[in-house]
Amino acid sequence: MYLMRDLEQQHFPQELLEVIVVDDHSTDNTKEQVQQFIRATGLSVKLLQLQDYVKQEGKKAAVQLGVEQAQGQLLVFTDGDCRVGPEWLREYAHLYETEQPYFISGPVCFHPTPTHFERMQLVEFASLVGVGGASIALHKPNMCNGANLAYTKEIFKEVGGFTGNESIASGDDEFLLHKVHKAFPGRVRFLKSSKAIVYTEARKSLNSFVQQRVRWASKWKSYQSLQVQLVAVCVFLVNFLLFLAIPLVIWGDMSLKVFLCGYVAKFAIDCLFLNSILGFMGKKQFLWYALPLQLVYIPYVVFTAVLGLFGRYSWKGRTIRTP
């Protein structure tokens, strides 16, 4: 497992690091690989088989178990298919020690991205990371990513963990973010450090991409914060109205000039924002993918939003109906 080797190379005192791997009914050889790593490493590593502790399955149950078994104060989370740099944990420790936040969200980036499809995903996902970081900086957090975040064990217990949204497969990250912010305004931080970027792979096929985005969209209607709900609704409406403008132009009910002005304005704003985010990630060379992305982004947002509200999706071999 590449992630385990990355953790072994951390510029962080090994005696202060406890690694917990929760195996959520994996179908590969995760158990064997981790056991082999444990025999060869000097790290403190604990392997937990989710089915040995609870009947539930899914990431929320896995995270819950990991939190319960952890001995440390600050818990840092990522996924088994991710890669991290050697300064990852040190950056988290520095922010935690200097500002004492209760919840920390970190940046995530796709790598490698050899195909045009994967590079378009990189640019689209960078916009989500940027929005999440900006909203936290404005003390109005709305999104984060479970592949790179941290919080204390005490805070997890104090806000009730995942109580209230256990039935929703997705949202182990954002629902908790909203809970912490509601209970402790101003105690959420974004770790704006290129050394703390977590890298993961983009979807290889269109179907897996759509399934992932539908899974993300499925949690929108369960947001309890009115502010976050309004943001989600506004994003959908803006894209839906721009999508609706296409047939209006074709039928002659809207002038082509007005239509083009709307799209050019959106593209210009997107590029200004993405230029900053991609620069931070060291991926500015992919900014031009924002142009073809404009052609598919609007119908894609409308499509996945509708399926997220009323459809179903597949995730890790499980078919899940949206609540």
# chains A, B, ... in the order shown; residues from 1 in each chain; ligands from 1

$ residues_around --residues "region 201-205 of chain A" --least-positions-apart "2" --cutoff "7 Å" --atoms "only C-alpha atoms" --output "PDB file with N, CA, C and O atoms, in the first residue's frame"
ATOM      1  N   PHE A 110      -6.277  15.724  -7.803  1.00  0.00           N
ATOM      2  CA  PHE A 110      -6.167  14.500  -8.594  1.00  0.00           C
ATOM      3  C   PHE A 110      -4.769  14.377  -9.193  1.00  0.00           C
ATOM      4  O   PHE A 110      -4.229  15.348  -9.745  1.00  0.00           O
ATOM      5  N   HIS A 111      -4.199  13.180  -9.099  1.00  0.00           N
ATOM      6  CA  HIS A 111      -2.881  12.900  -9.681  1.00  0.00           C
ATOM      7  C   HIS A 111      -2.662  11.389  -9.659  1.00  0.00           C
ATOM      8  O   HIS A 111      -2.985  10.733  -8.675  1.00  0.00           O
ATOM      9  N   PRO A 112      -2.137  10.833 -10.758  1.00  0.00           N
ATOM     10  CA  PRO A 112      -1.810  11.473 -12.027  1.00  0.00           C
ATOM     11  C   PRO A 112      -3.052  11.653 -12.893  1.00  0.00           C
ATOM     12  O   PRO A 112      -4.081  11.024 -12.641  1.00  0.00           O
ATOM     13  N   GLU A 118      -9.536  13.014 -17.329  1.00  0.00           N
ATOM     14  CA  GLU A 118      -9.055  13.143 -15.948  1.00  0.00           C
ATOM     15  C   GLU A 118      -8.609  14.572 -15.646  1.00  0.00           C
ATOM     16  O   GLU A 118      -8.790  15.063 -14.530  1.00  0.00           O
ATOM     17  N   GLN A 121     -11.583  16.627 -14.923  1.00  0.00           N
ATOM     18  CA  GLN A 121     -12.021  16.355 -13.560  1.00  0.00           C
ATOM     19  C   GLN A 121     -11.170  17.111 -12.550  1.00  0.00           C
ATOM     20  O   GLN A 121     -11.680  17.632 -11.547  1.00  0.00           O
ATOM     21  N   ASN A 207     -19.015   6.451 -16.420  1.00  0.00           N
ATOM     22  CA  ASN A 207     -20.008   5.877 -15.511  1.00  0.00           C
ATOM     23  C   ASN A 207     -19.578   6.012 -14.052  1.00  0.00           C
ATOM     24  O   ASN A 207     -20.377   6.413 -13.196  1.00  0.00           O
ATOM     25  N   SER A 208     -18.321   5.686 -13.747  1.00  0.00           N
ATOM     26  CA  SER A 208     -17.849   5.791 -12.363  1.00  0.00           C
ATOM     27  C   SER A 208     -17.828   7.246 -11.903  1.00  0.00           C
ATOM     28  O   SER A 208     -18.087   7.542 -10.734  1.00  0.00           O
ATOM     29  N   PHE A 209     -17.533   8.161 -12.825  1.00  0.00           N
ATOM     30  CA  PHE A 209     -17.559   9.590 -12.504  1.00  0.00           C
ATOM     31  C   PHE A 209     -18.967  10.029 -12.124  1.00  0.00           C
ATOM     32  O   PHE A 209     -19.171  10.701 -11.101  1.00  0.00           O
TER      33      PHE A 209
END

$ residues_around --residues "Ala245 (chain A)" --least-positions-apart "3" --cutoff "8 Å" --atoms "only C-alpha atoms" --output "ChimeraX atom specification"
/A:241-242,248-249,254,259

$ atom_distance --atom1 "CA of Arg39 (chain A)" --atom2 "CA of Arg83 (chain A)"
21.3 Å

$ atom_distance --atom1 "CA of Lys59 (chain A)" --atom2 "CA of Gly80 (chain A)"
11.7 Å

$ atom_distance --atom1 "CA of Gln100 (chain A)" --atom2 "CA of Arg189 (chain A)"
9.4 Å

$ closest_residue --among "A:Gln212, A:Ser193, A:Gln64, A:Ser44" --to "Leu176 (chain A)" --atoms "only C-alpha atoms"
A:Gln64

$ closest_residue --among "A:Lys257, A:His116, A:Arg5, A:His181" --to "Pro292 (chain A)" --atoms "only C-alpha atoms"
A:His116

$ closest_residue --among "A:Asp23, A:Phe12, A:Ala70, A:Val63" --to "Leu48 (chain A)" --atoms "only C-alpha atoms"
A:Asp23

$ residues_around --residues "Phe77 (chain A)" --least-positions-apart "3" --cutoff "6 Å" --atoms "only C-alpha atoms" --output "PyMOL selection string"
chain A and resi 148-150

$ write_last_selection --atoms "N, CA and C atoms" --output "tab-separated table (two decimals), in the first residue's frame"
chain	number	residue	atom	x	y	z
A	148	ASN	N	-9.13	14.27	3.31
A	148	ASN	CA	-8.10	15.09	3.94
A	148	ASN	C	-8.74	16.03	4.96
A	149	LEU	N	-8.90	15.55	6.16
A	149	LEU	CA	-9.45	16.39	7.21
A	149	LEU	C	-9.02	15.87	8.59
A	150	ALA	N	-9.26	16.70	9.60
A	150	ALA	CA	-8.87	16.33	10.96
A	150	ALA	C	-9.81	16.99	11.96

$ select_by_dssp --residues "region 154-262 of chain A" --states "helix (DSSP H, G or I)" --output "ChimeraX atom specification"
/A:154-158,174-183,194-196,206-217,220-222,226-250,256-262

$ closest_residue --among "A:Leu244, A:Val54, A:Leu309, A:Leu47" --to "Ala217 (chain A)" --atoms "only C-alpha atoms"
A:Leu309
